[in-house]
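**Student:** Dropping in entry.cif, which is mmCIF, C-alpha atoms:
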data_upload
#
loop_
_atom_site.label_atom_id
_atom_site.label_comp_id
_atom_site.auth_asym_id
_atom_site.auth_seq_id
_atom_site.Cartn_x
_atom_site.Cartn_y
_atom_site.Cartn_z
CA MET A 279 4.59 -50.59 6.09
CA LYS A 280 7.34 -49.76 3.62
CA ARG A 281 4.81 -48.04 1.37
CA PHE A 282 3.48 -46.02 4.34
CA LEU A 283 6.99 -44.82 5.24
CA THR A 284 7.64 -43.89 1.62
CA LEU A 285 4.44 -41.85 1.51
CA CYS A 286 5.36 -40.09 4.78
CA MET A 287 8.81 -39.21 3.46
CA ALA A 288 7.31 -37.88 0.24
CA ALA A 289 4.81 -35.76 2.20
CA CYS A 290 7.60 -34.34 4.39
CA LEU A 291 9.69 -33.53 1.31
CA LEU A 292 6.73 -31.77 -0.32
CA LEU A 293 6.04 -29.77 2.86
CA SER A 294 9.70 -28.77 3.05
CA LEU A 295 9.66 -27.58 -0.55
CA LEU A 296 6.47 -25.59 0.01
CA CYS A 297 7.89 -23.91 3.11
CA GLY A 298 11.06 -23.10 1.24
CA ALA A 299 9.08 -21.62 -1.62
CA GLN A 300 7.08 -19.51 0.83
CA ALA A 301 10.27 -18.21 2.47
CA GLU A 302 11.70 -17.38 -0.97
CA ALA A 303 8.49 -15.54 -1.87
CA LEU A 304 8.77 -13.41 1.27
CA GLU A 305 12.39 -12.56 0.51
CA GLY A 306 11.47 -9.83 -1.93
CA ASP A 307 13.98 -7.87 -3.96
CA TRP A 308 13.50 -4.82 -1.72
CA PHE A 309 14.16 -6.30 1.72
CA GLU A 310 16.39 -8.98 3.25
CA LEU A 311 17.46 -10.41 6.58
CA SER A 312 21.07 -10.89 7.65
CA ALA A 313 22.46 -14.43 7.87
CA GLU A 314 21.73 -14.43 11.61
CA ASP A 315 18.20 -12.98 11.11
CA THR A 316 19.08 -10.14 13.47
CA VAL A 317 19.19 -7.23 11.00
CA LEU A 318 16.52 -6.26 8.48
CA THR A 319 17.65 -4.19 5.48
CA VAL A 320 15.22 -2.40 3.18
CA ARG A 321 16.21 -0.97 -0.21
CA LEU A 322 13.72 1.15 -2.15
CA PRO A 323 13.84 3.65 -5.03
CA GLY A 324 14.32 7.11 -3.56
CA ASP A 325 15.93 10.45 -4.38
CA GLU A 326 15.89 13.42 -2.01
CA ALA A 327 16.61 15.76 -4.92
CA ASN A 328 13.00 15.48 -6.14
CA GLY A 329 11.62 16.60 -2.79
CA TYR A 330 10.39 13.16 -1.73
CA ALA A 331 11.63 11.30 1.33
CA TRP A 332 10.99 7.92 2.94
CA ASN A 333 9.42 8.08 6.39
CA ALA A 334 9.22 5.10 8.73
CA GLU A 335 6.66 4.37 11.43
CA PHE A 336 6.46 1.43 13.84
CA SER A 337 3.27 0.20 15.43
CA ASP A 338 5.43 -0.67 18.47
CA GLU A 339 8.69 1.28 18.78
CA ASP A 340 9.87 -0.91 21.66
CA VAL A 341 10.33 -3.94 19.39
CA LEU A 342 12.45 -2.64 16.48
CA GLU A 343 14.70 0.38 15.94
CA LEU A 344 16.64 2.09 13.14
CA LEU A 345 20.28 1.08 12.74
CA THR A 346 21.45 2.89 9.56
CA MET A 347 19.86 4.94 6.78
CA GLU A 348 21.19 6.56 3.59
CA TYR A 349 20.29 7.78 0.11
CA GLU A 350 22.69 6.83 -2.66
CA ASN A 351 22.44 6.61 -6.47
CA GLY A 352 18.66 6.93 -6.56
CA GLN A 353 18.11 4.38 -3.82
CA TRP A 354 17.14 4.59 -0.16
CA ALA A 355 18.55 1.96 2.17
CA ALA A 356 17.74 1.48 5.86
CA SER A 357 18.65 -1.23 8.36
CA TYR A 358 16.74 -2.16 11.51
CA LYS A 359 17.47 -4.34 14.52
CA ALA A 360 15.69 -5.50 17.66
CA THR A 361 15.78 -3.04 20.55
CA GLY A 362 16.29 -5.69 23.20
CA ARG A 363 13.57 -4.05 25.28
CA LYS A 364 10.63 -6.08 24.04
CA THR A 365 9.75 -9.08 21.86
CA GLY A 366 6.63 -9.72 19.82
CA LEU A 367 4.93 -8.25 16.78
CA THR A 368 5.35 -4.86 15.13
CA GLU A 369 4.39 -3.29 11.82
CA LEU A 370 6.94 -1.25 9.90
CA ARG A 371 5.18 1.18 7.57
CA LEU A 372 7.31 3.11 5.06
CA SER A 373 5.88 6.05 3.11
CA TYR A 374 7.49 7.92 0.22
CA GLU A 375 6.13 11.43 0.73
CA LYS A 376 6.56 15.01 -0.39
CA ASP A 377 5.48 18.08 1.60
CA GLY A 378 3.12 16.09 3.78
CA ALA A 379 0.96 14.94 0.85
CA PHE A 380 -0.28 11.41 0.42
CA PRO A 381 2.55 8.97 -0.27
CA ALA A 382 3.62 8.19 -3.81
CA ALA A 383 4.63 4.72 -2.63
CA THR A 384 4.05 2.66 0.50
CA ALA A 385 5.76 -0.41 1.91
CA VAL A 386 4.47 -2.40 4.88
CA LEU A 387 6.20 -5.25 6.69
CA ASP A 388 4.64 -7.24 9.52
CA LEU A 389 7.50 -8.46 11.70
CA SER A 390 8.09 -10.41 14.88
CA VAL A 391 11.10 -10.56 17.21
CA ASN A 392 11.75 -13.57 19.42
CA ASP A 393 13.69 -13.98 22.69
CA ALA A 394 16.93 -14.54 20.74
CA GLN A 395 16.42 -11.09 19.14
CA LYS A 396 15.91 -12.70 15.75
CA ILE A 397 13.55 -11.09 13.25
CA GLU A 398 10.92 -12.98 11.30
CA ILE A 399 8.99 -11.47 8.41
CA GLU A 400 5.31 -12.41 8.63
CA SER A 401 4.14 -10.53 5.53
CA ALA A 402 5.28 -7.76 3.20
CA LYS A 403 3.79 -5.58 0.48
CA TYR A 404 5.07 -2.68 -1.60
CA VAL A 405 2.99 -0.57 -3.94
CA GLU A 406 3.58 2.57 -5.98
CA THR A 407 0.32 4.50 -6.15
CA TYR A 408 1.34 8.14 -6.63
CA ALA A 409 -1.70 8.84 -4.49
CA ASP A 410 -0.36 12.35 -3.94
CA THR A 411 -1.41 13.15 -7.51
CA TRP A 412 -5.05 11.95 -7.33
CA VAL A 413 -6.12 11.89 -3.66
CA GLU A 414 -6.80 15.03 -1.63
CA MET A 415 -7.81 15.61 1.97
CA SER A 416 -9.62 18.70 3.22
CA GLU A 417 -7.79 20.86 5.77
CA ASP A 418 -9.98 19.59 8.59
CA ALA A 419 -9.48 15.97 7.40
CA ARG A 420 -13.25 15.48 7.17
CA VAL A 421 -13.55 15.02 3.40
CA LEU A 422 -11.42 12.86 1.10
CA THR A 423 -11.56 13.61 -2.62
CA VAL A 424 -10.30 11.53 -5.53
CA ARG A 425 -9.58 13.00 -8.98
CA LEU A 426 -9.13 10.42 -11.71
CA ASP A 427 -8.66 10.70 -15.46
CA ALA A 428 -11.59 9.35 -17.43
CA ASN A 429 -13.03 9.49 -20.92
CA ALA A 430 -16.79 9.22 -21.21
CA THR A 431 -16.59 9.15 -25.02
CA THR A 432 -15.10 5.65 -24.87
CA GLY A 433 -17.91 4.13 -22.82
CA TYR A 434 -15.64 3.76 -19.80
CA SER A 435 -16.48 5.29 -16.43
CA TRP A 436 -15.54 5.14 -12.76
CA THR A 437 -17.75 3.43 -10.20
CA TYR A 438 -17.18 2.89 -6.49
CA GLU A 439 -17.94 0.41 -3.73
CA ILE A 440 -17.73 0.86 0.05
CA ASP A 441 -17.51 -2.31 2.13
CA ASN A 442 -18.65 -0.57 5.31
CA PRO A 443 -21.29 2.05 4.40
CA ALA A 444 -22.04 2.71 8.06
CA VAL A 445 -18.53 4.21 8.37
CA LEU A 446 -18.01 6.03 5.06
CA GLU A 447 -20.34 7.61 2.50
CA LEU A 448 -20.24 9.41 -0.82
CA VAL A 449 -20.79 13.18 -0.70
CA THR A 450 -20.57 14.17 -4.37
CA ALA A 451 -19.45 12.59 -7.65
CA GLU A 452 -19.28 14.13 -11.11
CA TYR A 453 -17.55 13.78 -14.45
CA ALA A 454 -15.99 17.02 -15.70
CA PRO A 455 -14.85 17.03 -19.35
CA PHE A 456 -11.64 18.88 -20.17
CA GLU A 457 -11.87 22.17 -22.04
CA ASN A 458 -12.21 21.53 -25.76
CA GLU A 459 -12.38 24.84 -27.61
CA GLU A 460 -11.42 23.21 -30.90
CA GLY A 461 -14.27 20.71 -30.67
CA LEU A 462 -12.05 17.67 -31.07
CA LEU A 463 -13.58 14.22 -30.82
CA GLY A 464 -12.63 11.81 -28.05
CA VAL A 465 -11.39 14.40 -25.56
CA GLY A 466 -11.47 13.04 -22.03
CA GLY A 467 -12.05 14.54 -18.65
CA GLU A 468 -11.85 13.92 -14.93
CA TRP A 469 -14.03 12.03 -12.47
CA VAL A 470 -14.16 13.79 -9.11
CA ALA A 471 -15.73 12.16 -6.06
CA SER A 472 -15.73 13.17 -2.40
CA PHE A 473 -16.33 10.99 0.66
CA ARG A 474 -16.85 11.65 4.37
CA GLY A 475 -16.91 9.63 7.55
CA LEU A 476 -20.06 8.79 9.49
CA THR A 477 -18.95 6.79 12.53
CA ALA A 478 -15.67 5.54 13.94
CA GLY A 479 -14.24 2.51 12.16
CA THR A 480 -12.43 1.37 9.06
CA ALA A 481 -13.79 1.13 5.53
CA HIS A 482 -12.39 0.05 2.19
CA LEU A 483 -13.28 2.28 -0.74
CA THR A 484 -12.79 0.47 -4.05
CA LEU A 485 -12.79 2.39 -7.33
CA TYR A 486 -13.36 0.63 -10.66
CA TYR A 487 -12.74 1.94 -14.18
CA GLY A 488 -14.40 -0.09 -16.89
CA SER A 489 -17.26 -0.46 -19.32
CA ALA A 490 -20.34 -2.64 -19.55
CA ASP A 491 -18.70 -4.60 -22.38
CA ASP A 492 -15.73 -5.70 -20.26
CA ALA A 493 -15.75 -8.75 -18.04
CA ALA A 494 -13.44 -6.98 -15.57
CA PRO A 495 -12.39 -3.38 -14.92
CA VAL A 496 -9.15 -2.15 -16.50
CA ASP A 497 -8.18 -0.21 -13.38
CA THR A 498 -8.99 -0.98 -9.75
CA ARG A 499 -7.89 1.10 -6.77
CA THR A 500 -8.66 0.31 -3.13
CA LEU A 501 -8.26 2.81 -0.32
CA GLU A 502 -8.30 1.76 3.32
CA ILE A 503 -9.72 4.68 5.28
CA ALA A 504 -9.93 4.98 9.05
CA VAL A 505 -12.58 7.23 10.61
CA ALA A 506 -11.98 8.63 14.10
CA GLU A 507 -14.60 9.36 16.77
CA ASP A 508 -14.73 12.98 15.57
CA THR A 509 -15.12 11.70 11.95
CA ALA A 510 -11.61 12.82 10.96
CA LEU A 511 -10.25 10.65 8.15
CA THR A 512 -6.90 8.89 7.82
CA LEU A 513 -5.77 7.16 4.64
CA ASN A 514 -4.07 3.97 5.82
CA PHE A 515 -3.17 2.32 2.56
CA VAL A 516 -3.79 2.34 -1.19
CA GLU A 517 -3.64 -0.67 -3.50
CA MET A 518 -3.84 -0.56 -7.28
CA GLU A 519 -4.45 -3.14 -9.98
CA GLU A 520 -4.20 -2.00 -13.58
CA ILE A 521 -4.79 -4.36 -16.49
CA LEU A 522 -2.83 -3.35 -19.56
CA GLY A 523 -3.36 -4.52 -23.09
#
Show the structure stored in the file as structure tokens.
**Tutor:**
Amino acid sequence: MKRFLTLCMAACLLLSLLCGAQAEALEGDWFELSAEDTVLTVRLPGDEANGYAWNAEFSDEDVLELLTMEYENGQWAASYKATGRKTGLTELRLSYEKDGAFPAATAVLDLSVNDAQKIEIESAKYVETYADTWVEMSEDARVLTVRLDANATTGYSWTYEIDNPAVLELVTAEYAPFENEEGLLGVGGEWVASFRGLTAGTAHLTLYYGSADDAAPVDTRTLEIAVAEDTALTLNFVEMEEILG
């Protein structure tokens, strides 16, 4: 019996440590909750002088609302609190944008508010993609184009994968070498690929840069793309994984 109780206590202690570790992992260095869990504060790199600005969007504006916001010393800080009108789940999506282009960085927090107006962070992710420099959308939002640096002389190339081909398809893809009037060796180029929607839904477009000699690609980029009933495209999120070395 004594041994059983000892094992139970050890299991409880381990569970407590795991939960604590998970809470610490969620408390990233760019967001935090107040001591009472009633105010969420987000701090992200940001400078209005360069033409970029952070924009916030809630999936449910009746759950959470803006409390304060300011830019100072190259940082953007914003605080949010429960509205008191509604409890439940909401997604806070933050986009660092310039002139309506694709965001250079995106932060997403999945949050919940309980009856005591306390905020709980369910999940969080922040990624700098500078998608505004390599992703383009046509004026009618029907075609999305990616332009990525590449160098065919090294044996590396871009490939793509669509997890839902009934929703999204490739239109064109080509490698265009940079101008090389001097005939230098090893000059790179650009891989340009365009995609369009077929039917309403969501698809993940994953781009890989690698060679046949590598076990894994050196650069991976995943775009979550939503297609509307009229086949208009919306870029929901971009994730990047670059292996250096």
**Student:** Spell out the residues picked by the PyMOL selection byres ((chain A and resi 512) around 10) here, as a ChimeraX atom specification.
**Tutor:** /A:415,419-420,422,480,502-506,509-511,513-515
**Student:** If you keep C-alpha atoms, can you produce a file of those selected residues as a PDB file, in the coordinates of the input?
**Tutor:**
ATOM      1  CA  MET A 415      -7.810  15.610   1.970  1.00  0.00           C
ATOM      2  CA  ALA A 419      -9.480  15.970   7.400  1.00  0.00           C
ATOM      3  CA  ARG A 420     -13.250  15.480   7.170  1.00  0.00           C
ATOM      4  CA  LEU A 422     -11.420  12.860   1.100  1.00  0.00           C
ATOM      5  CA  THR A 480     -12.430   1.370   9.060  1.00  0.00           C
ATOM      6  CA  GLU A 502      -8.300   1.760   3.320  1.00  0.00           C
ATOM      7  CA  ILE A 503      -9.720   4.680   5.280  1.00  0.00           C
ATOM      8  CA  ALA A 504      -9.930   4.980   9.050  1.00  0.00           C
ATOM      9  CA  VAL A 505     -12.580   7.230  10.610  1.00  0.00           C
ATOM     10  CA  ALA A 506     -11.980   8.630  14.100  1.00  0.00           C
ATOM     11  CA  THR A 509     -15.120  11.700  11.950  1.00  0.00           C
ATOM     12  CA  ALA A 510     -11.610  12.820  10.960  1.00  0.00           C
ATOM     13  CA  LEU A 511     -10.250  10.650   8.150  1.00  0.00           C
ATOM     14  CA  LEU A 513      -5.770   7.160   4.640  1.00  0.00           C
ATOM     15  CA  ASN A 514      -4.070   3.970   5.820  1.00  0.00           C
ATOM     16  CA  PHE A 515      -3.170   2.320   2.560  1.00  0.00           C
TER      17      PHE A 515
END
**Student:** Mind checking which residues fall within 12 Å of range 451-453 of chain A, counting all atoms listed in the file, ignoring those fewer than 5 positions away in the same chain, and posting them as a ChimeraX atom specification?
**Tutor:** /A:422-431,434-438,466-473
**Student:** So which residues are close to (14.0, 16.1, -2.4), meaning at most 12 Å away in the file's coordinates with all atoms listed in the file counted, and can you show them as number ranges by chain?
**Tutor:** A: 324-332, 349, 352, 374-377
**Student:** Put a box with edges along x, y and z around all the listed atoms of range 405-412 of chain A, pad it by 5 Å on each side, then give me its centre and sizes in Å, one decimal, as AutoDock Vina command-line options.
**Tutor:**
--center_x -0.7 --center_y 6.3 --center_z -5.7 --size_x 18.6 --size_y 23.7 --size_z 13.6
**Student:** Kindly resolve the PyMOL selection byres ((chain A and resi 333) around 12) on the present coordinates and return the residues as a VMD selection string.
**Tutor:** chain A and resid 322 324 326 330 to 332 334 to 336 344 347 354 to 356 370 to 378 380 to 386
**Student:** Give one line per residue of range 322-418 of chain A that approaches range 307-312 of chain A to at most 12 Å, naming the two atoms of the closest pair and their distance in Å to one decimal, counting only C-alpha atoms; sort by chain then ascending residue number and deliver it as a Markdown table.
**Tutor:**
| residue | atom | partner | partner_atom | distance |
| --- | --- | --- | --- | --- |
| A:Leu322 | CA | A:Trp308 | CA | 6.0 |
| A:Pro323 | CA | A:Trp308 | CA | 9.1 |
| A:Gln353 | CA | A:Trp308 | CA | 10.5 |
| A:Trp354 | CA | A:Trp308 | CA | 10.2 |
| A:Ala355 | CA | A:Trp308 | CA | 9.3 |
| A:Ala356 | CA | A:Phe309 | CA | 9.5 |
| A:Ser357 | CA | A:Leu311 | CA | 9.4 |
| A:Tyr358 | CA | A:Leu311 | CA | 9.6 |
| A:Lys359 | CA | A:Leu311 | CA | 10.0 |
| A:Ala385 | CA | A:Trp308 | CA | 9.6 |
| A:Val386 | CA | A:Phe309 | CA | 10.9 |
| A:Leu387 | CA | A:Phe309 | CA | 9.4 |
| A:Leu389 | CA | A:Leu311 | CA | 11.4 |
| A:Lys396 | CA | A:Leu311 | CA | 9.6 |
| A:Ile397 | CA | A:Leu311 | CA | 7.8 |
| A:Glu398 | CA | A:Leu311 | CA | 8.5 |
| A:Ile399 | CA | A:Leu311 | CA | 8.7 |
| A:Ser401 | CA | A:Phe309 | CA | 11.5 |
| A:Ala402 | CA | A:Phe309 | CA | 9.1 |
| A:Lys403 | CA | A:Trp308 | CA | 10.0 |
| A:Tyr404 | CA | A:Trp308 | CA | 8.7 |
| A:Val405 | CA | A:Trp308 | CA | 11.6 |
**Student:** So how many Å separate CA of Ala379 in chain A and CA of Glu517 in chain A, to one decimal?
**Tutor:**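 Those two atoms sit 16.8 Å apart.
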**Student:** What is the CA of Gly475 in chain A-CA of Ile440 in chain A distance in Å, reported with one decimal?
**Tutor:**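 Calculated distance between CA of Gly475 in chain A and CA of Ile440 in chain A is 11.6 Å.
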**Student:** In Å to one decimal, how far is CA of Ser416 in chain A from CA of Thr498 in chain A?
**Tutor:**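 So the answer is 23.6 Å.
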**Student:** Set the distance at 9 Å and use all atoms listed in the file: which residues neighbour range 392-394 of chain A once local chain neighbours fewer than 4 positions away are removed? I'd like the list as a ChimeraX atom specification.
**Tutor:** /A:316,362,364-366,398
**Student:** Hey, could you patch up range 446-462 of chain A with N, CA, C and O atoms and hand it over as a tab-separated table (two decimals), in the frame of the given file?
**Tutor:**
chain	number	residue	atom	x	y	z
A	446	LEU	N	-18.41	5.07	6.10
A	446	LEU	CA	-18.01	6.03	5.06
A	446	LEU	C	-19.12	6.17	4.03
A	446	LEU	O	-19.81	5.18	3.71
A	447	GLU	N	-19.31	7.40	3.52
A	447	GLU	CA	-20.34	7.61	2.50
A	447	GLU	C	-19.87	8.58	1.44
A	447	GLU	O	-18.96	9.40	1.66
A	448	LEU	N	-20.50	8.49	0.27
A	448	LEU	CA	-20.24	9.41	-0.82
A	448	LEU	C	-20.92	10.75	-0.55
A	448	LEU	O	-22.06	10.79	-0.10
A	449	VAL	N	-20.21	11.84	-0.84
A	449	VAL	CA	-20.79	13.18	-0.70
A	449	VAL	C	-21.21	13.69	-2.07
A	449	VAL	O	-22.37	14.04	-2.30
A	450	THR	N	-20.27	13.74	-3.00
A	450	THR	CA	-20.57	14.17	-4.37
A	450	THR	C	-19.73	13.37	-5.35
A	450	THR	O	-18.65	12.88	-5.00
A	451	ALA	N	-20.21	13.24	-6.58
A	451	ALA	CA	-19.45	12.59	-7.65
A	451	ALA	C	-19.90	13.19	-8.97
A	451	ALA	O	-21.11	13.33	-9.23
A	452	GLU	N	-18.93	13.57	-9.81
A	452	GLU	CA	-19.28	14.13	-11.11
A	452	GLU	C	-18.15	13.90	-12.11
A	452	GLU	O	-16.99	13.76	-11.73
A	453	TYR	N	-18.53	13.87	-13.37
A	453	TYR	CA	-17.55	13.78	-14.45
A	453	TYR	C	-17.44	15.16	-15.08
A	453	TYR	O	-18.45	15.74	-15.51
A	454	ALA	N	-16.22	15.69	-15.14
A	454	ALA	CA	-15.99	17.02	-15.70
A	454	ALA	C	-15.11	16.90	-16.94
A	454	ALA	O	-13.92	16.57	-16.83
A	455	PRO	N	-15.66	17.12	-18.13
A	455	PRO	CA	-14.85	17.03	-19.35
A	455	PRO	C	-13.82	18.16	-19.40
A	455	PRO	O	-14.06	19.26	-18.91
A	456	PHE	N	-12.67	17.86	-20.00
A	456	PHE	CA	-11.64	18.88	-20.17
A	456	PHE	C	-12.10	19.93	-21.18
A	456	PHE	O	-12.97	19.66	-22.03
A	457	GLU	N	-11.53	21.12	-21.09
A	457	GLU	CA	-11.87	22.17	-22.04
A	457	GLU	C	-11.51	21.71	-23.46
A	457	GLU	O	-10.46	21.10	-23.68
A	458	ASN	N	-12.39	22.00	-24.39
A	458	ASN	CA	-12.21	21.53	-25.76
A	458	ASN	C	-12.70	22.59	-26.73
A	458	ASN	O	-13.73	22.43	-27.40
A	459	GLU	N	-11.96	23.71	-26.78
A	459	GLU	CA	-12.38	24.84	-27.61
A	459	GLU	C	-12.37	24.50	-29.09
A	459	GLU	O	-13.14	25.07	-29.87
A	460	GLU	N	-11.51	23.55	-29.49
A	460	GLU	CA	-11.42	23.21	-30.90
A	460	GLU	C	-12.47	22.17	-31.32
A	460	GLU	O	-12.58	21.84	-32.50
A	461	GLY	N	-13.22	21.67	-30.36
A	461	GLY	CA	-14.27	20.71	-30.67
A	461	GLY	C	-13.77	19.37	-31.16
A	461	GLY	O	-14.42	18.71	-31.98
A	462	LEU	N	-12.63	18.95	-30.65
A	462	LEU	CA	-12.05	17.67	-31.07
A	462	LEU	C	-12.86	16.50	-30.51
A	462	LEU	O	-13.44	16.59	-29.44
